[in-house]
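protein.pdb, holding PDB, C-alpha atoms, pLDDT in the B column:
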```pdb
ATOM      1  CA  MET O   1      -0.402  20.907  16.779  1.00 70.00           C
ATOM      2  CA  ASN O   2      -2.862  18.389  18.252  1.00 80.00           C
ATOM      3  CA  PRO O   3      -2.744  15.241  16.038  1.00 84.00           C
ATOM      4  CA  GLU O   4      -6.205  14.179  17.240  1.00 89.00           C
ATOM      5  CA  LYS O   5      -7.750  17.430  15.971  1.00 88.00           C
ATOM      6  CA  VAL O   6      -6.016  16.943  12.621  1.00 88.00           C
ATOM      7  CA  SER O   7      -7.299  13.366  12.442  1.00 89.00           C
ATOM      8  CA  HIS O   8     -10.889  14.459  13.131  1.00 87.00           C
ATOM      9  CA  LEU O   9     -10.771  17.068  10.360  1.00 88.00           C
ATOM     10  CA  VAL O  10      -9.274  14.536   7.933  1.00 88.00           C
ATOM     11  CA  SER O  11     -12.105  12.123   8.761  1.00 87.00           C
ATOM     12  CA  LEU O  12     -14.527  14.897   7.788  1.00 85.00           C
ATOM     13  CA  GLY O  13     -13.027  15.211   4.327  1.00 86.00           C
ATOM     14  CA  LEU O  14     -10.131  17.677   4.572  1.00 89.00           C
ATOM     15  CA  THR O  15      -6.580  16.808   3.587  1.00 91.00           C
ATOM     16  CA  GLU O  16      -3.876  16.785   6.261  1.00 93.00           C
ATOM     17  CA  TYR O  17      -2.444  20.126   5.092  1.00 93.00           C
ATOM     18  CA  GLU O  18      -5.910  21.706   4.871  1.00 92.00           C
ATOM     19  CA  SER O  19      -6.608  20.514   8.411  1.00 90.00           C
ATOM     20  CA  LYS O  20      -3.359  21.959   9.747  1.00 91.00           C
ATOM     21  CA  ALA O  21      -3.894  25.288   8.000  1.00 91.00           C
ATOM     22  CA  LEU O  22      -7.437  25.558   9.333  1.00 91.00           C
ATOM     23  CA  LEU O  23      -6.363  24.672  12.868  1.00 91.00           C
ATOM     24  CA  SER O  24      -3.627  27.303  12.695  1.00 90.00           C
ATOM     25  CA  LEU O  25      -6.272  29.901  11.875  1.00 90.00           C
ATOM     26  CA  THR O  26      -8.694  28.785  14.583  1.00 89.00           C
ATOM     27  CA  GLU O  27      -5.944  29.365  17.143  1.00 83.00           C
ATOM     28  CA  LYS O  28      -5.344  32.971  16.021  1.00 80.00           C
ATOM     29  CA  GLU O  29      -7.653  35.753  14.877  1.00 79.00           C
ATOM     30  CA  SER O  30      -5.851  36.164  11.551  1.00 84.00           C
ATOM     31  CA  LEU O  31      -2.541  35.133  10.035  1.00 90.00           C
ATOM     32  CA  GLU O  32      -0.410  35.705   6.965  1.00 91.00           C
ATOM     33  CA  ALA O  33       0.381  32.768   4.698  1.00 91.00           C
ATOM     34  CA  PRO O  34       4.035  32.416   5.858  1.00 93.00           C
ATOM     35  CA  ASP O  35       2.844  32.232   9.488  1.00 92.00           C
ATOM     36  CA  ILE O  36       0.301  29.544   8.578  1.00 92.00           C
ATOM     37  CA  SER O  37       3.024  27.627   6.751  1.00 93.00           C
ATOM     38  CA  ARG O  38       5.298  27.769   9.777  1.00 92.00           C
ATOM     39  CA  ARG O  39       2.669  26.967  12.422  1.00 90.00           C
ATOM     40  CA  GLY O  40       1.105  24.113  10.423  1.00 90.00           C
ATOM     41  CA  GLY O  41       4.326  22.617   9.048  1.00 91.00           C
ATOM     42  CA  ILE O  42       3.047  23.209   5.515  1.00 92.00           C
ATOM     43  CA  PRO O  43       5.561  23.657   2.651  1.00 93.00           C
ATOM     44  CA  LYS O  44       5.759  27.270   1.510  1.00 91.00           C
ATOM     45  CA  THR O  45       5.189  26.137  -2.068  1.00 91.00           C
ATOM     46  CA  ARG O  46       1.852  24.581  -1.073  1.00 92.00           C
ATOM     47  CA  VAL O  47       0.378  26.966   1.469  1.00 93.00           C
ATOM     48  CA  TYR O  48      -1.300  29.386  -0.968  1.00 93.00           C
ATOM     49  CA  ASP O  49      -2.977  26.540  -2.881  1.00 94.00           C
ATOM     50  CA  ILE O  50      -4.165  25.046   0.409  1.00 93.00           C
ATOM     51  CA  LEU O  51      -5.624  28.364   1.546  1.00 93.00           C
ATOM     52  CA  GLU O  52      -7.327  28.856  -1.823  1.00 93.00           C
ATOM     53  CA  LYS O  53      -9.018  25.457  -1.485  1.00 92.00           C
ATOM     54  CA  LEU O  54     -10.172  26.311   2.036  1.00 93.00           C
ATOM     55  CA  GLU O  55     -11.619  29.558   0.670  1.00 92.00           C
ATOM     56  CA  GLU O  56     -13.462  27.635  -2.054  1.00 91.00           C
ATOM     57  CA  LYS O  57     -14.951  25.400   0.647  1.00 90.00           C
ATOM     58  CA  GLY O  58     -16.123  28.476   2.531  1.00 91.00           C
ATOM     59  CA  LEU O  59     -14.038  27.724   5.624  1.00 91.00           C
ATOM     60  CA  VAL O  60     -11.537  30.562   5.333  1.00 91.00           C
ATOM     61  CA  ILE O  61     -11.835  34.242   4.437  1.00 91.00           C
ATOM     62  CA  SER O  62      -9.001  36.223   2.855  1.00 88.00           C
ATOM     63  CA  MET O  63      -8.625  39.861   3.808  1.00 86.00           C
ATOM     64  CA  GLN O  64      -7.177  42.081   1.115  1.00 80.00           C
ATOM     65  CA  GLY O  65      -4.256  44.222   2.107  1.00 76.00           C
ATOM     66  CA  ARG O  66      -0.512  44.278   2.321  1.00 81.00           C
ATOM     67  CA  PRO O  67       0.384  41.828   3.589  1.00 84.00           C
ATOM     68  CA  LYS O  68      -2.663  39.676   2.816  1.00 87.00           C
ATOM     69  CA  LYS O  69      -4.141  37.899   5.839  1.00 90.00           C
ATOM     70  CA  TYR O  70      -6.479  34.962   6.298  1.00 90.00           C
ATOM     71  CA  GLN O  71      -9.145  34.257   8.883  1.00 91.00           C
ATOM     72  CA  ALA O  72     -11.180  31.146   9.683  1.00 90.00           C
ATOM     73  CA  ILE O  73     -14.969  31.339   9.935  1.00 89.00           C
ATOM     74  CA  GLU O  74     -16.629  30.573  13.268  1.00 89.00           C
ATOM     75  CA  THR O  75     -15.884  27.100  14.650  1.00 88.00           C
ATOM     76  CA  GLU O  76     -19.561  26.156  14.800  1.00 89.00           C
ATOM     77  CA  LYS O  77     -19.985  27.061  11.133  1.00 90.00           C
ATOM     78  CA  ILE O  78     -16.881  25.051  10.190  1.00 90.00           C
ATOM     79  CA  VAL O  79     -18.313  21.918  11.785  1.00 88.00           C
ATOM     80  CA  ARG O  80     -21.745  22.505  10.253  1.00 89.00           C
ATOM     81  CA  LYS O  81     -20.310  22.925   6.737  1.00 88.00           C
ATOM     82  CA  LEU O  82     -18.144  19.802   6.976  1.00 88.00           C
ATOM     83  CA  VAL O  83     -20.978  17.676   8.358  1.00 88.00           C
ATOM     84  CA  GLU O  84     -23.335  18.887   5.616  1.00 88.00           C
ATOM     85  CA  LYS O  85     -20.757  18.134   2.943  1.00 85.00           C
ATOM     86  CA  ASN O  86     -20.331  14.581   4.268  1.00 84.00           C
ATOM     87  CA  ARG O  87     -24.102  14.138   4.506  1.00 85.00           C
ATOM     88  CA  LYS O  88     -24.393  14.958   0.793  1.00 84.00           C
ATOM     89  CA  LYS O  89     -21.504  12.608   0.003  1.00 83.00           C
ATOM     90  CA  PHE O  90     -23.088   9.728   1.928  1.00 82.00           C
ATOM     91  CA  LYS O  91     -26.379  10.350   0.137  1.00 84.00           C
ATOM     92  CA  GLU O  92     -24.577  10.169  -3.198  1.00 84.00           C
ATOM     93  CA  ILE O  93     -22.871   6.911  -2.174  1.00 83.00           C
ATOM     94  CA  GLU O  94     -26.241   5.487  -1.126  1.00 83.00           C
ATOM     95  CA  GLU O  95     -27.767   6.457  -4.478  1.00 84.00           C
ATOM     96  CA  ASN O  96     -24.821   4.870  -6.326  1.00 83.00           C
ATOM     97  CA  ALA O  97     -25.239   1.713  -4.235  1.00 83.00           C
ATOM     98  CA  LEU O  98     -28.893   1.492  -5.277  1.00 82.00           C
ATOM     99  CA  LYS O  99     -27.883   1.899  -8.920  1.00 78.00           C
ATOM    100  CA  LEU O 100     -25.318  -0.849  -8.450  1.00 79.00           C
ATOM    101  CA  LYS O 101     -27.983  -3.100  -6.948  1.00 74.00           C
ATOM    102  CA  GLU O 102     -30.172  -2.506 -10.010  1.00 72.00           C
ATOM    103  CA  MET O 103     -27.248  -3.247 -12.320  1.00 69.00           C
ATOM    104  CA  LEU O 104     -26.551  -6.546 -10.569  1.00 67.00           C
ATOM    105  CA  SER O 105     -30.210  -7.524 -10.608  1.00 62.00           C
ATOM    106  CA  PHE O 106     -30.212  -7.313 -14.397  1.00 54.00           C
ATOM    107  CA  GLU O 107     -27.387  -9.826 -14.769  1.00 48.00           C
ATOM    108  CA  GLU O 108     -28.462 -12.948 -16.639  1.00 43.00           C
ATOM    109  CA  LYS O 109     -29.783 -15.624 -14.305  1.00 43.00           C
ATOM    110  CA  GLU O 110     -27.329 -18.258 -15.431  1.00 40.00           C
ATOM    111  CA  GLU O 111     -24.435 -15.862 -14.931  1.00 43.00           C
ATOM    112  CA  ALA O 112     -25.683 -14.957 -11.457  1.00 40.00           C
ATOM    113  CA  LYS O 113     -25.858 -18.628 -10.457  1.00 41.00           C
ATOM    114  CA  GLU O 114     -22.261 -19.088 -11.471  1.00 48.00           C
ATOM    115  CA  ASN O 115     -20.949 -15.970  -9.791  1.00 75.00           C
ATOM    116  CA  ILE O 116     -22.907 -15.449  -6.550  1.00 79.00           C
ATOM    117  CA  LEU O 117     -21.294 -17.714  -3.960  1.00 80.00           C
ATOM    118  CA  ARG O 118     -21.971 -18.633  -0.341  1.00 80.00           C
ATOM    119  CA  VAL O 119     -19.493 -19.798   2.289  1.00 81.00           C
ATOM    120  CA  LYS O 120     -19.725 -20.657   5.974  1.00 81.00           C
ATOM    121  CA  GLN O 121     -16.342 -19.336   7.044  1.00 78.00           C
ATOM    122  CA  LEU O 122     -14.627 -16.068   6.114  1.00 76.00           C
ATOM    123  CA  THR O 123     -11.428 -18.037   5.617  1.00 78.00           C
ATOM    124  CA  ASP O 124     -13.190 -19.805   2.713  1.00 80.00           C
ATOM    125  CA  PHE O 125     -13.766 -16.407   1.105  1.00 80.00           C
ATOM    126  CA  ASP O 126     -10.068 -15.609   1.582  1.00 81.00           C
ATOM    127  CA  LYS O 127      -9.092 -18.910  -0.069  1.00 83.00           C
ATOM    128  CA  ILE O 128     -11.240 -18.238  -3.144  1.00 85.00           C
ATOM    129  CA  LEU O 129      -9.964 -14.662  -3.305  1.00 85.00           C
ATOM    130  CA  GLN O 130      -6.436 -16.061  -3.075  1.00 87.00           C
ATOM    131  CA  GLN O 131      -7.079 -18.136  -6.193  1.00 88.00           C
ATOM    132  CA  GLU O 132      -8.345 -15.108  -8.096  1.00 89.00           C
ATOM    133  CA  VAL O 133      -5.352 -12.986  -7.012  1.00 89.00           C
ATOM    134  CA  LEU O 134      -2.954 -15.655  -8.264  1.00 90.00           C
ATOM    135  CA  LYS O 135      -4.628 -15.422 -11.697  1.00 90.00           C
ATOM    136  CA  ALA O 136      -3.868 -11.691 -11.963  1.00 91.00           C
ATOM    137  CA  LYS O 137      -1.590 -10.688 -14.828  1.00 92.00           C
ATOM    138  CA  LYS O 138      -1.380  -6.890 -14.528  1.00 93.00           C
ATOM    139  CA  SER O 139      -3.007  -5.398 -11.444  1.00 92.00           C
ATOM    140  CA  VAL O 140      -4.872  -5.994  -8.196  1.00 91.00           C
ATOM    141  CA  ILE O 141      -6.565  -3.206  -6.237  1.00 89.00           C
ATOM    142  CA  GLY O 142      -8.689  -3.778  -3.179  1.00 87.00           C
ATOM    143  CA  PHE O 143     -10.484  -2.531  -0.109  1.00 83.00           C
ATOM    144  CA  THR O 144      -9.662  -5.030   2.615  1.00 81.00           C
ATOM    145  CA  GLU O 145      -9.972  -5.640   6.334  1.00 69.00           C
ATOM    146  CA  ILE O 146      -7.061  -8.045   6.756  1.00 60.00           C
ATOM    147  CA  LYS O 147      -6.063  -7.952  10.416  1.00 56.00           C
ATOM    148  CA  GLU O 148      -3.322 -10.554  10.499  1.00 55.00           C
ATOM    149  CA  LYS O 149      -0.785 -12.294   8.308  1.00 55.00           C
ATOM    150  CA  ASN O 150      -2.421 -15.156   6.384  1.00 62.00           C
ATOM    151  CA  PHE O 151      -2.354 -17.091   3.129  1.00 65.00           C
ATOM    152  CA  LEU O 152      -4.082 -14.254   1.237  1.00 75.00           C
ATOM    153  CA  GLN O 153      -1.133 -12.009   1.996  1.00 80.00           C
ATOM    154  CA  GLU O 154       1.157 -14.723   0.625  1.00 82.00           C
ATOM    155  CA  ALA O 155      -0.852 -14.726  -2.628  1.00 85.00           C
ATOM    156  CA  LEU O 156      -0.510 -10.947  -2.874  1.00 85.00           C
ATOM    157  CA  GLU O 157       3.231 -11.183  -2.351  1.00 86.00           C
ATOM    158  CA  LYS O 158       3.481 -13.838  -5.083  1.00 88.00           C
ATOM    159  CA  ALA O 159       1.540 -11.516  -7.399  1.00 89.00           C
ATOM    160  CA  VAL O 160       4.067  -8.736  -6.740  1.00 88.00           C
ATOM    161  CA  GLU O 161       6.911 -11.146  -7.531  1.00 89.00           C
ATOM    162  CA  LYS O 162       5.250 -11.753 -10.925  1.00 90.00           C
ATOM    163  CA  LYS O 163       5.359  -7.945 -11.545  1.00 91.00           C
ATOM    164  CA  VAL O 164       1.636  -7.526 -10.851  1.00 91.00           C
ATOM    165  CA  LYS O 165       0.878  -4.051  -9.468  1.00 91.00           C
ATOM    166  CA  VAL O 166      -0.859  -4.456  -6.089  1.00 89.00           C
ATOM    167  CA  GLN O 167      -2.509  -1.569  -4.215  1.00 88.00           C
ATOM    168  CA  LEU O 168      -4.588  -2.057  -1.077  1.00 87.00           C
ATOM    169  CA  ILE O 169      -6.603   0.204   1.204  1.00 84.00           C
ATOM    170  CA  SER O 170      -7.061  -1.105   4.749  1.00 81.00           C
ATOM    171  CA  ASN O 171      -9.320   0.273   7.442  1.00 72.00           C
ATOM    172  CA  LYS O 172      -7.836   2.913   9.736  1.00 61.00           C
ATOM    173  CA  GLY O 173      -6.397   1.411  12.877  1.00 53.00           C
ATOM    174  CA  THR O 174      -5.522  -1.870  11.149  1.00 52.00           C
ATOM    175  CA  GLU O 175      -1.905  -2.821  11.658  1.00 49.00           C
ATOM    176  CA  ASN O 176       0.026  -3.151   8.426  1.00 53.00           C
ATOM    177  CA  PHE O 177       1.032  -6.791   7.887  1.00 53.00           C
ATOM    178  CA  PHE O 178       1.773  -6.409   4.180  1.00 58.00           C
ATOM    179  CA  ASN O 179       5.126  -6.900   2.534  1.00 59.00           C
ATOM    180  CA  GLU O 180       6.857  -3.557   1.989  1.00 67.00           C
ATOM    181  CA  LYS O 181       6.699  -4.175  -1.778  1.00 68.00           C
ATOM    182  CA  ILE O 182       2.894  -4.055  -1.626  1.00 76.00           C
ATOM    183  CA  SER O 183       1.574  -0.507  -1.842  1.00 79.00           C
ATOM    184  CA  SER O 184      -0.971   0.004   0.930  1.00 79.00           C
ATOM    185  CA  LYS O 185      -2.716   2.860   2.699  1.00 82.00           C
ATOM    186  CA  ASN O 186      -5.084   3.144   5.638  1.00 78.00           C
ATOM    187  CA  SER O 187      -8.459   4.848   5.205  1.00 77.00           C
ATOM    188  CA  ALA O 188     -11.888   4.342   6.747  1.00 74.00           C
ATOM    189  CA  HIS O 189     -14.145   2.132   4.609  1.00 74.00           C
ATOM    190  CA  SER O 190     -16.691  -0.668   4.925  1.00 74.00           C
ATOM    191  CA  LEU O 191     -15.944  -2.694   1.811  1.00 78.00           C
ATOM    192  CA  ASN O 192     -14.445  -6.059   0.969  1.00 83.00           C
ATOM    193  CA  ALA O 193     -13.879  -5.570  -2.736  1.00 86.00           C
ATOM    194  CA  PHE O 194     -11.064  -6.450  -5.129  1.00 91.00           C
ATOM    195  CA  VAL O 195     -10.672  -5.654  -8.826  1.00 92.00           C
ATOM    196  CA  ILE O 196      -8.419  -8.008 -10.786  1.00 93.00           C
ATOM    197  CA  ASP O 197      -6.764  -6.710 -13.982  1.00 92.00           C
ATOM    198  CA  GLY O 198      -9.332  -3.902 -14.164  1.00 91.00           C
ATOM    199  CA  LYS O 199     -12.193  -6.190 -15.200  1.00 89.00           C
ATOM    200  CA  LYS O 200     -12.948  -8.948 -12.678  1.00 90.00           C
ATOM    201  CA  THR O 201     -14.522  -7.953  -9.355  1.00 90.00           C
ATOM    202  CA  VAL O 202     -14.575 -10.013  -6.161  1.00 89.00           C
ATOM    203  CA  LEU O 203     -17.138  -8.305  -3.934  1.00 85.00           C
ATOM    204  CA  GLY O 204     -18.347  -9.148  -0.427  1.00 83.00           C
ATOM    205  CA  LEU O 205     -22.136  -8.789  -0.299  1.00 83.00           C
ATOM    206  CA  ASP O 206     -22.498  -9.202   3.475  1.00 76.00           C
ATOM    207  CA  SER O 207     -20.937  -7.337   6.375  1.00 73.00           C
ATOM    208  CA  PHE O 208     -17.887  -9.377   7.330  1.00 72.00           C
ATOM    209  CA  ASN O 209     -17.795  -7.711  10.746  1.00 70.00           C
ATOM    210  CA  GLU O 210     -20.955  -9.526  11.862  1.00 73.00           C
ATOM    211  CA  LYS O 211     -21.175 -13.178  12.867  1.00 79.00           C
ATOM    212  CA  LYS O 212     -23.455 -15.004  10.416  1.00 79.00           C
ATOM    213  CA  PRO O 213     -24.227 -18.632   9.503  1.00 84.00           C
ATOM    214  CA  HIS O 214     -23.303 -17.857   5.888  1.00 82.00           C
ATOM    215  CA  TYR O 215     -21.538 -15.130   3.939  1.00 80.00           C
ATOM    216  CA  HIS O 216     -22.292 -14.179   0.342  1.00 84.00           C
ATOM    217  CA  PHE O 217     -19.942 -12.691  -2.211  1.00 85.00           C
ATOM    218  CA  ALA O 218     -19.795 -12.272  -5.971  1.00 84.00           C
ATOM    219  CA  ILE O 219     -17.178 -12.832  -8.659  1.00 88.00           C
ATOM    220  CA  LEU O 220     -18.297 -10.760 -11.617  1.00 87.00           C
ATOM    221  CA  GLN O 221     -16.961  -9.939 -15.051  1.00 85.00           C
ATOM    222  CA  ASN O 222     -18.750  -6.600 -15.127  1.00 84.00           C
ATOM    223  CA  LYS O 223     -16.852  -3.699 -16.676  1.00 85.00           C
ATOM    224  CA  SER O 224     -19.122  -0.977 -15.267  1.00 87.00           C
ATOM    225  CA  LEU O 225     -18.851  -2.370 -11.746  1.00 87.00           C
ATOM    226  CA  ALA O 226     -15.064  -2.744 -11.984  1.00 89.00           C
ATOM    227  CA  GLU O 227     -14.756   0.845 -13.232  1.00 90.00           C
ATOM    228  CA  ALA O 228     -17.022   2.172 -10.450  1.00 90.00           C
ATOM    229  CA  ILE O 229     -15.024   0.456  -7.699  1.00 89.00           C
ATOM    230  CA  THR O 230     -11.732   1.486  -9.327  1.00 91.00           C
ATOM    231  CA  SER O 231     -12.906   5.109  -9.479  1.00 90.00           C
ATOM    232  CA  HIS O 232     -13.881   5.053  -5.782  1.00 87.00           C
ATOM    233  CA  PHE O 233     -10.544   3.409  -4.939  1.00 88.00           C
ATOM    234  CA  ASN O 234      -8.536   6.038  -6.837  1.00 89.00           C
ATOM    235  CA  GLU O 235     -10.439   8.843  -5.093  1.00 87.00           C
ATOM    236  CA  LYS O 236      -9.538   7.362  -1.687  1.00 83.00           C
ATOM    237  CA  TRP O 237      -5.971   6.546  -2.733  1.00 85.00           C
ATOM    238  CA  ASN O 238      -5.207  10.043  -4.034  1.00 84.00           C
ATOM    239  CA  LYS O 239      -6.939  11.866  -1.190  1.00 76.00           C
ATOM    240  CA  ARG O 240      -3.743  12.561   0.734  1.00 55.00           C
TER     241      ARG O 240
END
```
What does this structure look like when you write it as structure tokens?
Amino acid sequence: MNPEKVSHLVSLGLTEYESKALLSLTEKESLEAPDISRRGGIPKTRVYDILEKLEEKGLVISMQGRPKKYQAIETEKIVRKLVEKNRKKFKEIEENALKLKEMLSFEEKEEAKENILRVKQLTDFDKILQQEVLKAKKSVIGFTEIKEKNFLQEALEKAVEKKVKVQLISNKGTENFFNEKISSKNSAHSLNAFVIDGKKTVLGLDSFNEKKPHYHFAILQNKSLAEAITSHFNEKWNKR
């Protein structure tokens, strides 16, 4: 099965098994569940649940009979449905981002002065983040774009040695430089955000992929913000 096709479907919101099942059906007019399991490399114990989810998403049709067979909808309709689903998801994210902006704007002025910081170099952001990571007592979760081994990784490894639970999501295509004790996954994202002990958030406010004279970020003790980022993180983490 073409890994590139699977990757494209995963990027559009399907799980790896859902992608493989759907591709199996697009290659044949109709198939029984055991055939789909065999062609897609899907465990027999999972295949019926996978097909049920694809039916719920309107991508697969089940045909009653003995034995029961499954058929994919037209390819053009598959693409259209997945794109529309992602369009709605992006709109929801945009709306949540606007709500977050409103929440931050209502922070007390004195608190904002203390917590909104500006640096000239991205390495300065990493150094401050390093300090916050070393303060962690229970957990550190984060969306990161670390591309090479540096002192921030050393701080994360020290946190693990202190029995702090560390989980990181890096951008797809980023080589994994983390210690094997650090739980990490790769998934497309555009965030630089860490939540320390479930309550403190270190959040990049600028795009770190663009060259700028200054970069802004926030260190906030905001429970609602920490919970929102944690919820988004868990959704990404548990996706596959």
* For Ser7 of chain O, the nearest of the candidates O:Ala97, O:Ile73, O:Ala188, O:Ile116, counting all atoms listed in the file ->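 Nearest candidate to Ser7 of chain O out of O:Ala97, O:Ile73, O:Ala188, O:Ile116: O:Ala188.
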* Name the residues that the PyMOL selection byres ((chain O and resi 198) around 10) picks from the file above, as a list in words, using the file's chain letters and numbers. => Ala136, Lys138, Ser139, Val140, Ile141, Phe194, Val195, Ile196, Asp197, Lys199, Lys200, Thr201, Gln221, Asn222, Lys223, Leu225, Ala226, Glu227, Ile229 and Thr230 of chain O
* Asked: Pick from O:Val79, O:Leu191, O:Leu129, O:Ile169: nearest to Asn238 of chain O, with all atoms listed in the file counted?
  -> O:Ile169
* Target residues per the PyMOL selection byres ((chain O and resi 47-64) around 10), formatted as a VMD selection string -> chain O and resid 14 to 15 17 to 22 25 to 26 30 to 38 40 to 46 65 to 75 77 to 79 81 to 82 85
* For the structure shown, which residues end up in the PyMOL selection byres ((chain O and resi 160) around 10)? Put them as a ChimeraX atom specification, please? => /O:134,136,138-140,154-159,161-166,179,181-183
* To do: Can you work out which one of O:Asn209, O:Thr144, O:Asn96, O:Gln130 has the shortest atom-to-atom distance to Ser187 of chain O, counting only C-alpha atoms?
  => O:Thr144
* To do: For atom CA of Ser190 of chain O and atom CA of Lys99 of chain O, determine how far apart the two atoms are, in Å to one decimal place.
  =>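 According to the coordinates, atom CA of Ser190 of chain O and atom CA of Lys99 of chain O are separated by 18.0 Å.
Among the candidate residues O:Glu16, O:Glu76, O:Asp124, O:Glu4, the one lying nearest to His214 of chain O is O:Asp124, with distances computed using all atoms listed in the file.
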* Point-to-point distance from atom CA of Leu9 of chain O to atom CA of Ser184 of chain O, Å rounded to tenths ->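 According to the coordinates, atom CA of Leu9 of chain O and atom CA of Ser184 of chain O are separated by 21.8 Å.
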* Quick one, how far is atom CA of Arg39 of chain O from atom CA of Pro3 of chain O? ->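 Interatomic distance here is 13.4 Å.
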Please provide as a tab-separated table (two decimals) with C-alpha atoms, keeping the file's coordinate frame all residues within 12 Å of Asp126 of chain O, with the sequence filter that same-chain residues fewer than 3 positions apart are discarded (counting all atoms listed in the file).
```
chain	number	residue	atom	x	y	z
O	119	VAL	CA	-19.49	-19.80	2.29
O	120	LYS	CA	-19.73	-20.66	5.97
O	121	GLN	CA	-16.34	-19.34	7.04
O	122	LEU	CA	-14.63	-16.07	6.11
O	123	THR	CA	-11.43	-18.04	5.62
O	129	LEU	CA	-9.96	-14.66	-3.30
O	130	GLN	CA	-6.44	-16.06	-3.08
O	131	GLN	CA	-7.08	-18.14	-6.19
O	132	GLU	CA	-8.35	-15.11	-8.10
O	133	VAL	CA	-5.35	-12.99	-7.01
O	144	THR	CA	-9.66	-5.03	2.62
O	145	GLU	CA	-9.97	-5.64	6.33
O	146	ILE	CA	-7.06	-8.04	6.76
O	149	LYS	CA	-0.78	-12.29	8.31
O	150	ASN	CA	-2.42	-15.16	6.38
O	151	PHE	CA	-2.35	-17.09	3.13
O	152	LEU	CA	-4.08	-14.25	1.24
O	153	GLN	CA	-1.13	-12.01	2.00
O	154	GLU	CA	1.16	-14.72	0.62
O	155	ALA	CA	-0.85	-14.73	-2.63
O	156	LEU	CA	-0.51	-10.95	-2.87
O	192	ASN	CA	-14.44	-6.06	0.97
O	193	ALA	CA	-13.88	-5.57	-2.74
O	194	PHE	CA	-11.06	-6.45	-5.13
O	202	VAL	CA	-14.58	-10.01	-6.16
O	203	LEU	CA	-17.14	-8.30	-3.93
O	204	GLY	CA	-18.35	-9.15	-0.43
O	208	PHE	CA	-17.89	-9.38	7.33
O	215	TYR	CA	-21.54	-15.13	3.94
O	217	PHE	CA	-19.94	-12.69	-2.21
```
* Taking into account all atoms listed in the file, which residue in the set O:Leu117, O:Phe233, O:Val10, O:Glu27 is nearest to Leu168 of chain O? -> O:Phe233
